[in-house]
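One file, protein_38.txt, carrying compact mmCIF, C-alpha atoms:
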```
# COMPACT_ATOMS: atom_id res chain seq x y z
CA MET R 1 -61.50 -98.94 101.49
CA LYS R 2 -61.98 -95.70 103.48
CA ARG R 3 -60.87 -93.67 100.45
CA PHE R 4 -63.33 -95.56 98.26
CA LYS R 5 -66.20 -94.77 100.67
CA CYS R 6 -65.25 -91.08 100.67
CA ILE R 7 -65.30 -91.03 96.86
CA MET R 8 -68.70 -92.73 96.82
CA ILE R 9 -70.16 -90.24 99.34
CA LEU R 10 -68.77 -87.31 97.37
CA SER R 11 -70.25 -88.72 94.15
CA ILE R 12 -73.68 -89.06 95.76
CA VAL R 13 -73.50 -85.49 97.10
CA LEU R 14 -72.60 -84.15 93.66
CA ILE R 15 -75.47 -86.09 92.07
CA LEU R 16 -77.92 -84.71 94.65
CA VAL R 17 -76.66 -81.16 94.11
CA PHE R 18 -77.01 -81.55 90.35
CA GLU R 19 -80.51 -83.01 90.61
CA ASN R 20 -81.52 -80.27 93.03
CA SER R 21 -80.26 -77.58 90.66
CA LYS R 22 -82.36 -79.09 87.88
CA ALA R 23 -85.42 -79.13 90.12
CA GLN R 24 -84.81 -75.51 91.13
CA ASN R 25 -85.02 -74.53 87.49
CA LEU R 26 -88.50 -76.02 87.37
CA TYR R 27 -90.10 -74.43 90.45
CA THR R 28 -88.29 -71.14 91.07
CA THR R 29 -90.09 -67.82 90.61
CA PRO R 30 -90.82 -67.00 86.95
CA PRO R 31 -88.34 -64.56 85.41
CA GLU R 32 -89.38 -60.92 85.30
CA ASN R 33 -91.20 -59.63 82.20
CA ILE R 34 -91.28 -63.04 80.45
CA SER R 35 -94.70 -64.50 79.66
CA THR R 36 -95.86 -67.78 78.11
CA TYR R 37 -98.26 -67.85 75.15
CA TRP R 38 -99.76 -70.45 72.83
CA VAL R 39 -100.98 -69.90 69.30
CA SER R 40 -103.50 -72.35 67.86
CA PRO R 41 -106.75 -72.20 65.87
CA GLU R 42 -108.48 -71.73 69.25
CA ASN R 43 -106.40 -68.60 69.90
CA PRO R 44 -104.86 -67.54 66.57
CA THR R 45 -103.12 -64.43 67.92
CA GLY R 46 -102.12 -65.89 71.28
CA GLU R 47 -103.68 -62.81 72.85
CA LYS R 48 -104.10 -62.85 76.64
CA GLY R 49 -107.53 -64.10 77.74
CA ASN R 50 -108.66 -64.76 74.17
CA GLY R 51 -108.65 -68.56 73.86
CA GLY R 52 -111.67 -70.71 73.06
CA ARG R 53 -113.97 -67.92 71.86
CA THR R 54 -116.00 -70.06 69.43
CA ASN R 55 -118.82 -72.47 70.25
CA LYS R 56 -119.42 -70.84 73.65
CA GLY R 57 -116.06 -72.00 74.96
CA ALA R 58 -116.50 -75.64 74.00
CA LYS R 59 -114.16 -77.18 71.47
CA GLY R 60 -115.13 -75.31 68.34
CA ASN R 61 -112.13 -74.31 66.26
CA ALA R 62 -109.49 -76.98 66.77
CA PHE R 63 -108.17 -76.97 63.19
CA TYR R 64 -108.09 -75.09 59.91
CA ILE R 65 -109.29 -76.26 56.53
CA VAL R 66 -106.75 -75.08 53.95
CA ALA R 67 -107.90 -75.16 50.35
CA PRO R 68 -105.67 -76.15 47.40
CA GLY R 69 -103.51 -73.17 46.51
CA GLU R 70 -104.27 -71.36 49.79
CA ARG R 71 -101.59 -69.78 51.97
CA LYS R 72 -102.36 -69.68 55.69
CA ILE R 73 -100.46 -67.58 58.22
CA ILE R 74 -100.39 -69.61 61.42
CA PHE R 75 -98.08 -67.41 63.51
CA ASP R 76 -97.71 -63.63 63.31
CA GLN R 77 -96.13 -61.85 66.25
CA LYS R 78 -94.57 -58.45 66.83
CA GLY R 79 -91.89 -57.71 69.39
CA ALA R 80 -89.17 -59.93 70.83
CA GLY R 81 -89.81 -63.58 71.54
CA ILE R 82 -88.64 -67.18 71.41
CA ILE R 83 -90.59 -70.05 69.87
CA LYS R 84 -89.99 -73.03 72.14
CA ARG R 85 -92.02 -75.86 70.60
CA MET R 86 -94.37 -76.56 67.69
CA TRP R 87 -96.81 -79.43 67.22
CA MET R 88 -98.71 -80.16 63.99
CA SER R 89 -101.00 -82.90 62.71
CA GLY R 90 -104.05 -83.49 60.53
CA SER R 91 -104.37 -84.78 57.01
CA ILE R 92 -100.65 -84.14 56.50
CA ALA R 93 -100.07 -87.05 58.87
CA LYS R 94 -102.07 -89.39 56.63
CA ASP R 95 -101.39 -88.13 53.10
CA ALA R 96 -97.87 -88.69 51.76
CA GLU R 97 -98.35 -86.31 48.84
CA GLN R 98 -99.44 -83.51 51.17
CA ARG R 99 -96.29 -84.00 53.23
CA ARG R 100 -94.24 -83.04 50.18
CA ALA R 101 -96.74 -80.62 48.57
CA VAL R 102 -97.55 -78.55 51.67
CA ARG R 103 -94.69 -76.19 52.40
CA ILE R 104 -93.74 -74.39 55.61
CA ASP R 105 -92.02 -70.99 55.55
CA MET R 106 -90.70 -68.93 58.47
CA TYR R 107 -89.73 -65.26 58.43
CA TRP R 108 -87.82 -63.38 61.11
CA ASP R 109 -87.75 -59.63 61.84
CA GLY R 110 -89.64 -58.53 58.75
CA ALA R 111 -87.36 -60.28 56.27
CA LYS R 112 -88.70 -60.62 52.73
CA LYS R 113 -87.08 -64.02 52.20
CA PRO R 114 -87.92 -66.96 54.48
CA ALA R 115 -85.20 -68.36 56.73
CA VAL R 116 -87.00 -71.71 56.70
CA SER R 117 -88.54 -73.10 53.52
CA ALA R 118 -89.21 -76.83 53.20
CA PRO R 119 -91.83 -79.51 52.52
CA ILE R 120 -93.64 -79.91 55.81
CA GLY R 121 -93.03 -83.65 56.18
CA ASP R 122 -89.30 -83.56 55.49
CA PHE R 123 -88.90 -80.47 57.69
CA PHE R 124 -90.05 -82.38 60.76
CA GLY R 125 -87.14 -84.79 60.74
CA ILE R 126 -88.21 -87.66 58.45
CA GLY R 127 -86.79 -87.89 54.94
CA LEU R 128 -88.76 -89.06 51.89
CA GLY R 129 -91.98 -87.55 53.23
CA MET R 130 -92.51 -90.66 55.36
CA MET R 131 -94.35 -91.13 58.67
CA VAL R 132 -92.40 -93.12 61.25
CA SER R 133 -92.72 -93.17 65.03
CA PHE R 134 -89.53 -91.84 66.67
CA ASP R 135 -88.17 -89.48 69.30
CA SER R 136 -84.98 -87.43 68.99
CA GLU R 137 -83.50 -84.39 70.69
CA LEU R 138 -84.94 -81.97 68.14
CA PHE R 139 -87.94 -83.75 66.59
CA SER R 140 -90.45 -86.42 67.53
CA ASN R 141 -93.38 -88.31 66.06
CA PRO R 142 -94.73 -90.25 69.04
CA GLU R 143 -97.12 -92.62 67.27
CA GLY R 144 -96.44 -91.93 63.62
CA ARG R 145 -99.27 -89.42 63.30
CA SER R 146 -97.99 -86.02 64.42
CA PHE R 147 -95.01 -83.69 64.14
CA ASN R 148 -93.09 -82.04 66.99
CA ILE R 149 -90.10 -79.72 66.91
CA MET R 150 -88.20 -78.56 70.01
CA ILE R 151 -85.66 -76.17 68.49
CA PRO R 152 -85.66 -72.70 70.11
CA MET R 153 -86.23 -69.95 67.55
CA PRO R 154 -85.52 -66.41 68.81
CA TYR R 155 -86.59 -63.23 67.03
CA ARG R 156 -86.06 -59.57 67.91
CA GLU R 157 -88.79 -57.62 66.12
CA SER R 158 -91.27 -60.05 64.59
CA ALA R 159 -91.93 -63.61 63.47
CA LYS R 160 -94.24 -65.04 60.85
CA ILE R 161 -94.91 -68.68 59.97
CA GLU R 162 -97.10 -69.73 57.08
CA ILE R 163 -98.10 -72.94 55.38
CA THR R 164 -99.02 -73.13 51.71
CA ASN R 165 -101.17 -75.94 50.37
CA GLU R 166 -99.69 -76.72 46.95
CA SER R 167 -101.47 -80.09 46.82
CA SER R 168 -104.66 -80.79 44.88
CA THR R 169 -106.68 -81.70 47.99
CA TYR R 170 -107.95 -79.90 51.09
CA VAL R 171 -105.69 -79.95 54.14
CA LEU R 172 -107.12 -80.40 57.64
CA PHE R 173 -104.52 -78.72 59.81
CA TRP R 174 -104.16 -78.95 63.61
CA TYR R 175 -101.31 -77.11 65.34
CA ASP R 176 -100.13 -75.27 68.40
CA ILE R 177 -97.03 -73.13 68.86
CA SER R 178 -95.63 -72.37 72.31
CA PHE R 179 -93.58 -69.19 72.63
CA LEU R 180 -92.29 -66.68 75.15
CA LYS R 181 -92.59 -62.93 74.94
CA VAL R 182 -89.41 -61.37 76.29
CA PRO R 183 -88.18 -57.78 76.83
CA LYS R 184 -85.22 -58.32 74.48
CA ILE R 185 -83.13 -61.02 72.85
CA GLU R 186 -79.45 -61.42 73.71
CA ALA R 187 -77.08 -59.66 71.34
CA ASP R 188 -75.37 -62.94 70.40
CA ALA R 189 -78.60 -64.87 69.71
CA MET R 190 -78.81 -66.22 66.14
CA TYR R 191 -81.74 -67.00 63.84
CA PHE R 192 -82.96 -70.50 62.99
CA HIS R 193 -82.80 -71.57 59.32
CA ALA R 194 -83.67 -74.72 57.35
CA TYR R 195 -83.03 -75.63 53.72
CA TRP R 196 -84.37 -78.55 51.65
CA ASN R 197 -83.19 -79.77 48.27
CA ARG R 198 -83.36 -82.84 46.06
CA ASN R 199 -81.16 -84.23 43.29
CA LEU R 200 -83.01 -86.84 41.22
CA LYS R 201 -79.79 -88.31 39.86
CA THR R 202 -76.53 -87.31 41.49
CA GLU R 203 -73.55 -86.78 39.22
CA LEU R 204 -71.08 -89.65 39.20
CA GLY R 205 -68.05 -88.78 41.33
CA LYS R 206 -69.54 -85.50 42.58
CA ASP R 207 -70.60 -85.05 46.20
CA TYR R 208 -74.25 -84.28 46.94
CA GLU R 209 -74.71 -80.92 48.66
CA ILE R 210 -76.65 -81.27 51.89
CA LEU R 211 -76.12 -77.55 52.45
CA PRO R 212 -74.76 -75.31 49.69
CA LYS R 213 -72.34 -72.61 50.77
CA VAL R 214 -73.90 -70.27 53.34
CA ASN R 215 -72.25 -66.96 54.16
CA GLY R 216 -72.19 -65.60 57.69
CA THR R 217 -71.50 -66.68 61.26
CA GLY R 218 -73.45 -69.53 62.75
CA ARG R 219 -73.85 -73.09 63.89
CA TYR R 220 -74.72 -76.14 61.81
CA LEU R 221 -77.29 -78.23 63.69
CA GLY R 222 -77.40 -81.23 61.36
CA THR R 223 -79.58 -82.88 58.74
CA ASN R 224 -82.03 -85.57 57.79
CA ILE R 225 -81.39 -87.31 54.47
CA GLY R 226 -83.48 -89.51 52.19
CA VAL R 227 -82.00 -91.86 49.60
CA ILE R 228 -83.85 -93.63 46.78
CA GLY R 229 -81.37 -96.10 45.36
CA ASP R 230 -81.07 -96.52 41.61
CA PRO R 231 -82.28 -100.03 40.66
CA ALA R 232 -79.15 -100.40 38.52
CA TYR R 233 -77.18 -101.03 41.75
CA LYS R 234 -79.69 -103.38 43.37
CA GLY R 235 -78.07 -105.82 45.78
CA THR R 236 -75.27 -103.44 46.78
CA TRP R 237 -74.74 -101.17 49.79
CA PHE R 238 -75.29 -97.45 49.16
CA GLY R 239 -73.70 -95.86 52.22
CA GLU R 240 -69.93 -95.62 51.92
CA GLY R 241 -69.95 -91.89 51.20
CA GLU R 242 -68.17 -89.61 53.65
CA VAL R 243 -69.75 -86.41 54.99
CA LYS R 244 -67.53 -83.39 54.44
CA ILE R 245 -68.01 -80.02 56.15
CA TYR R 246 -66.21 -77.04 54.64
CA ILE R 247 -65.93 -74.14 57.07
CA ASP R 248 -64.42 -70.65 57.00
CA ASN R 249 -62.81 -70.40 53.58
CA ASP R 250 -62.11 -74.12 53.07
CA LYS R 251 -61.56 -74.62 49.34
CA ASP R 252 -60.90 -78.01 47.75
CA LEU R 253 -60.55 -79.92 51.01
CA PRO R 254 -62.75 -79.74 54.12
CA THR R 255 -61.76 -79.26 57.73
CA LEU R 256 -64.28 -81.82 58.98
CA ASN R 257 -64.27 -85.19 57.20
CA GLY R 258 -66.23 -88.31 58.17
CA THR R 259 -65.48 -91.95 57.33
CA GLY R 260 -68.78 -93.18 55.89
CA THR R 261 -72.53 -92.62 55.81
CA GLU R 262 -73.49 -95.06 58.55
CA ASP R 263 -70.50 -93.88 60.60
CA TYR R 264 -71.77 -90.29 60.48
CA ILE R 265 -75.08 -91.38 62.02
CA GLY R 266 -73.45 -93.35 64.80
CA SER R 267 -73.70 -96.87 63.35
CA GLY R 268 -71.30 -99.06 61.37
CA TYR R 269 -71.08 -101.91 58.85
CA GLY R 270 -74.44 -101.25 57.26
CA GLN R 271 -77.53 -99.53 58.52
CA GLY R 272 -80.70 -101.00 59.99
CA LYS R 273 -83.64 -99.21 61.57
CA TYR R 274 -83.03 -97.36 64.86
CA TYR R 275 -83.37 -93.95 66.44
CA GLY R 276 -81.58 -92.03 69.18
CA ARG R 277 -81.27 -88.58 70.66
CA TYR R 278 -78.76 -87.32 68.11
CA PHE R 279 -78.73 -89.83 65.26
CA GLY R 280 -80.92 -92.49 63.73
CA SER R 281 -82.09 -94.40 60.68
CA LEU R 282 -85.88 -94.28 60.47
CA VAL R 283 -86.30 -96.09 57.15
CA SER R 284 -84.00 -98.93 56.15
CA ASP R 285 -85.56 -100.90 53.32
CA LYS R 286 -82.85 -102.92 51.60
CA GLU R 287 -85.36 -104.66 49.33
CA ASN R 288 -86.35 -101.36 47.70
CA ASP R 289 -83.10 -99.46 48.46
CA LEU R 290 -84.89 -96.76 50.47
CA TYR R 291 -83.25 -95.03 53.43
CA ALA R 292 -84.08 -92.08 55.67
CA PHE R 293 -81.67 -91.08 58.43
CA TYR R 294 -80.52 -88.12 60.55
CA ARG R 295 -77.65 -86.66 62.55
CA TYR R 296 -77.83 -83.68 64.92
CA HIS R 297 -74.77 -81.87 66.27
CA ILE R 298 -75.96 -80.96 69.76
CA ILE R 299 -73.18 -82.18 72.03
CA ASP R 300 -70.59 -81.82 69.25
CA PRO R 301 -71.28 -78.30 67.93
CA VAL R 302 -70.22 -77.34 64.42
CA TYR R 303 -69.48 -73.61 64.49
CA PHE R 304 -68.55 -71.41 61.55
CA HIS R 305 -67.48 -67.76 61.48
CA LYS R 306 -67.44 -66.89 57.79
CA ASP R 307 -69.16 -69.61 55.79
CA ILE R 308 -70.10 -73.28 55.68
CA ARG R 309 -70.85 -75.95 53.09
CA VAL R 310 -71.87 -79.56 53.81
CA THR R 311 -71.67 -82.47 51.35
CA ILE R 312 -71.83 -86.26 51.27
CA GLN R 313 -70.08 -88.52 48.76
CA GLN R 314 -72.24 -90.71 46.56
CA MET R 315 -70.46 -94.00 47.05
CA GLY R 316 -71.47 -97.64 47.39
CA ASN R 317 -69.85 -100.96 48.21
CA ALA R 318 -70.04 -104.50 46.86
CA SER R 319 -67.91 -107.57 46.29
CA ALA R 320 -65.73 -107.70 43.20
CA GLU R 321 -68.02 -110.41 41.82
CA LYS R 322 -71.07 -108.17 42.20
CA ILE R 323 -69.20 -105.25 40.63
CA ARG R 324 -68.42 -107.44 37.59
CA GLU R 325 -72.12 -108.21 37.29
CA LEU R 326 -72.99 -104.49 37.41
CA VAL R 327 -70.38 -103.68 34.78
CA THR R 328 -71.78 -106.38 32.52
CA LYS R 329 -75.22 -104.77 32.88
CA LYS R 330 -73.75 -101.35 31.96
CA ALA R 331 -74.39 -99.79 35.38
CA ASN R 332 -73.00 -96.28 35.70
CA LEU R 333 -70.19 -96.53 38.26
CA GLN R 334 -66.56 -95.70 38.91
CA LEU R 335 -64.23 -97.85 41.03
CA VAL R 336 -62.66 -96.06 43.98
CA TRP R 337 -61.14 -98.31 46.62
CA VAL R 338 -60.70 -101.97 47.59
CA LEU R 339 -60.26 -103.57 50.97
CA GLY R 340 -58.14 -106.54 49.94
CA MET R 341 -55.76 -109.03 51.49
CA ASN R 342 -51.99 -109.09 51.07
CA GLU R 343 -50.53 -112.31 52.49
CA SER R 344 -53.40 -112.57 55.01
CA ARG R 345 -52.95 -108.93 56.01
CA PRO R 346 -55.77 -106.42 55.29
CA GLU R 347 -54.72 -103.87 52.69
CA GLN R 348 -56.30 -100.60 51.53
CA ILE R 349 -55.94 -100.32 47.76
CA ARG R 350 -56.64 -96.76 46.59
CA LEU R 351 -57.53 -97.20 42.96
CA LEU R 352 -57.82 -93.47 42.22
CA ASP R 353 -54.28 -92.89 43.51
CA MET R 354 -52.83 -95.38 41.02
CA GLU R 355 -51.11 -94.09 37.92
CA MET R 356 -53.08 -94.03 34.69
CA GLY R 357 -52.95 -97.44 33.00
CA LYS R 358 -51.92 -99.32 36.14
CA VAL R 359 -55.40 -99.89 37.54
CA PRO R 360 -56.33 -103.50 36.70
CA GLU R 361 -59.55 -104.14 34.82
CA ILE R 362 -62.41 -105.37 36.99
CA ASN R 363 -62.76 -108.50 34.85
CA SER R 364 -59.07 -109.38 34.94
CA ASN R 365 -57.48 -111.87 37.30
CA ASP R 366 -55.21 -109.08 38.53
CA PHE R 367 -58.08 -107.12 40.07
CA PRO R 368 -57.68 -107.26 43.88
CA LYS R 369 -60.01 -109.61 45.70
CA GLY R 370 -62.12 -107.88 48.31
CA TYR R 371 -64.99 -105.51 48.89
CA THR R 372 -64.92 -102.58 46.51
CA ASN R 373 -66.15 -99.03 46.92
CA PHE R 374 -67.52 -97.30 43.85
CA TYR R 375 -69.05 -93.97 42.91
CA ARG R 376 -72.75 -94.33 42.13
CA SER R 377 -75.69 -92.11 41.19
CA ASP R 378 -78.91 -92.07 43.26
CA ASP R 379 -81.94 -89.91 44.06
CA VAL R 380 -81.03 -87.96 47.20
CA SER R 381 -82.85 -85.30 49.22
CA ALA R 382 -82.03 -83.59 52.51
CA THR R 383 -83.15 -80.97 55.00
CA ALA R 384 -80.31 -79.03 56.64
CA TYR R 385 -80.79 -77.09 59.89
CA PHE R 386 -78.60 -74.27 61.12
CA TYR R 387 -78.42 -71.01 63.05
CA LEU R 388 -77.18 -67.86 61.33
CA ASP R 389 -76.35 -64.35 62.54
CA ARG R 390 -78.91 -62.82 60.16
CA PRO R 391 -82.60 -63.42 59.40
CA GLU R 392 -82.04 -64.16 55.68
CA ASN R 393 -79.64 -66.50 53.90
CA ASN R 394 -78.15 -66.65 50.41
CA LEU R 395 -79.56 -70.09 49.53
CA PRO R 396 -81.82 -70.90 46.55
CA GLU R 397 -85.60 -70.86 46.92
CA LEU R 398 -87.49 -74.06 47.71
CA ALA R 399 -87.54 -76.50 44.80
CA SER R 400 -90.64 -76.65 42.63
CA LEU R 401 -93.62 -78.86 43.46
CA GLU R 402 -92.82 -80.93 40.38
CA LEU R 403 -89.33 -81.75 41.65
CA ARG R 404 -90.58 -82.45 45.17
CA LEU R 405 -93.15 -84.99 43.94
CA LYS R 406 -91.45 -86.48 40.87
CA GLY R 407 -91.51 -90.28 41.02
CA MET R 408 -92.28 -90.38 44.75
CA GLN R 409 -95.45 -92.45 44.45
CA GLU R 410 -93.78 -95.05 42.24
CA LYS R 411 -90.42 -95.06 44.02
CA VAL R 412 -91.46 -94.70 47.66
CA TRP R 413 -95.07 -94.21 48.69
CA GLY R 414 -96.43 -97.06 46.59
CA LYS R 415 -94.12 -99.57 48.26
CA ALA R 416 -94.91 -101.40 51.50
CA ILE R 417 -92.10 -99.87 53.55
CA GLN R 418 -93.93 -98.33 56.50
CA GLY R 419 -92.29 -99.51 59.68
CA LYS R 420 -89.31 -101.21 58.01
```
File written out as structure tokens:
Amino acid sequence: MKRFKCIMILSIVLILVFENSKAQNLYTTPPENISTYWVSPENPTGEKGNGGRTNKGAKGNAFYIVAPGERKIIFDQKGAGIIKRMWMSGSIAKDAEQRRAVRIDMYWDGAKKPAVSAPIGDFFGIGLGMMVSFDSELFSNPEGRSFNIMIPMPYRESAKIEITNESSTYVLFWYDISFLKVPKIEADAMYFHAYWNRNLKTELGKDYEILPKVNGTGRYLGTNIGVIGDPAYKGTWFGEGEVKIYIDNDKDLPTLNGTGTEDYIGSGYGQGKYYGRYFGSLVSDKENDLYAFYRYHIIDPVYFHKDIRVTIQQMGNASAEKIRELVTKKANLQLVWVLGMNESRPEQIRLLDMEMGKVPEINSNDFPKGYTNFYRSDDVSATAYFYLDRPENNLPELASLELRLKGMQEKVWGKAIQGK
């Protein structure tokens, strides 16, 4: 009993010391030569003592009006600094098309090519250009009408952020960006990057690339993914595909291999609506086969020293009876794996490992009874986030406006899925 009390007292002391150290970080003297600045329409340059100049100091320039086709630089700084947080809102919070048509680009240290290039809605942590209230470690949307990002973005010489209105309507654009001016950035500090892409119809049996191969040293932060299920597979589960991360000269096989889509985002046996600090599923609409979900590697860092590539298998699951129905309707699929029973014992039946000619036909009595995984083809998009040891990457440019918007109104925005 005495030993137990000693352990309890020691635990309380350690907790108090830890809490005190956290508090000290909040109220200790500011570090030398580091200053806080905000950039917003009320102080576009962030210059000291230059905020609220319009309308005699009253609220007078809280937002920008960005015309169709216009490019607006919203952050342009010289010298070393670290962006700590960004908040944005306006018509982009209300207009689904603008969330895909308005793009955000970020440039570090005078680079010609942006390190970040993505549709503004998808960039802020929600796939499919949706608006959903959530709060995660890196992004938040407190009431479903704003965008916040809390990823630190260091730069050594300069930083520029611009938005381009590629929609057909005017954008009302509120924002503020909090950053620190610092004497210098640590030698080992890396640059923040983000990449978005969409595949309207994934190739049967071929993994979707969340992040094509990136060369350099860095850290993969994670992704948000949007899936628009092909109606041909209606009534089946889309998320059996495993995430695979190829690092440092991995060829045919990856070093990091997951066990399923919902497993990768911390759930299991299907996927409802939820959100957490590091993983969540913000849209889960089984009726329309629409899903938007995320996973961030904060406490489980994914480092790479030479290169990285991230993929996810395009694989679904259904009963053998449902598979027979799909085959009858000429759905494009390939059988992969069955969880069957062998004398009341669960059995994994790997159909692709079987010799040619020995795989039973789905309509035959010899086909194993049980839930069956199958390759499928869906409309998939994703934003990947990562740090890299250089201000530019070797990835393709942002996809065209046509590809970003194709079918979205009919497939997603025209359906009553908000909040599901």
Can you work out which one of R:Glu410, R:Asp366, R:Glu361, R:Asp109 has the shortest atom-to-atom distance to R:Val327, counting all atoms listed in the file?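 Counting all atoms listed in the file, the residue closest to R:Val327 is R:Glu361.
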Coordinates-based distance that separates atom CA of R:Phe75 from atom CA of R:Ile163 (Å, one decimal):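 Atom-to-atom, atom CA of R:Ile163 to atom CA of R:Phe75, that is 9.8 Å.
Atom pair atom CA of R:Pro391 / atom CA of R:Tyr175: separated by 23.9 Å.
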Grab the atom CA of R:Val412 to atom CA of R:Gly129 distance for me, in Å with one decimal place.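 These atoms are spaced 9.1 Å apart.
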So that I can check the surroundings of stretch 84-91 of chain R, please list as a PyMOL selection string every protein, DNA and RNA residue that reaches within 6 Å of it, counting all atoms listed in the file and ignoring chain neighbours fewer than 2 positions away. chain R and resi 93-95+146-150+152+171-179
Put those residues in a file: C-alpha atoms, as a JSON list (two decimals), in the frame of the given file.
```
[["chain", "number", "residue", "atom", "x", "y", "z"],
["R", 93, "ALA", "CA", -100.07, -87.05, 58.87],
["R", 94, "LYS", "CA", -102.07, -89.39, 56.63],
["R", 95, "ASP", "CA", -101.39, -88.13, 53.10],
["R", 146, "SER", "CA", -97.99, -86.02, 64.42],
["R", 147, "PHE", "CA", -95.01, -83.69, 64.14],
["R", 148, "ASN", "CA", -93.09, -82.04, 66.99],
["R", 149, "ILE", "CA", -90.10, -79.72, 66.91],
["R", 150, "MET", "CA", -88.20, -78.56, 70.01],
["R", 152, "PRO", "CA", -85.66, -72.70, 70.11],
["R", 171, "VAL", "CA", -105.69, -79.95, 54.14],
["R", 172, "LEU", "CA", -107.12, -80.40, 57.64],
["R", 173, "PHE", "CA", -104.52, -78.72, 59.81],
["R", 174, "TRP", "CA", -104.16, -78.95, 63.61],
["R", 175, "TYR", "CA", -101.31, -77.11, 65.34],
["R", 176, "ASP", "CA", -100.13, -75.27, 68.40],
["R", 177, "ILE", "CA", -97.03, -73.13, 68.86],
["R", 178, "SER", "CA", -95.63, -72.37, 72.31],
["R", 179, "PHE", "CA", -93.58, -69.19, 72.63]]
```
Judged by only C-alpha atoms, the minimum distance to R:Leu401 among R:Asn224, R:Gln98, R:Ser281, R:Asn141 is found for R:Gln98
I'd like the neighbourhood of stretch 202-214 of chain R as a list in words, where a residue qualifies if any of its atoms comes within 6 Å (using only C-alpha atoms), though same-chain residues fewer than 6 positions away should be ignored.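 Contacts, with the query itself left out: Asp307, Ile308, Arg309, Val310, Thr311, Ile312, Gln313, Gln314, Tyr375, Arg376, Ser377, Asp378 and Ala382 of chain R.
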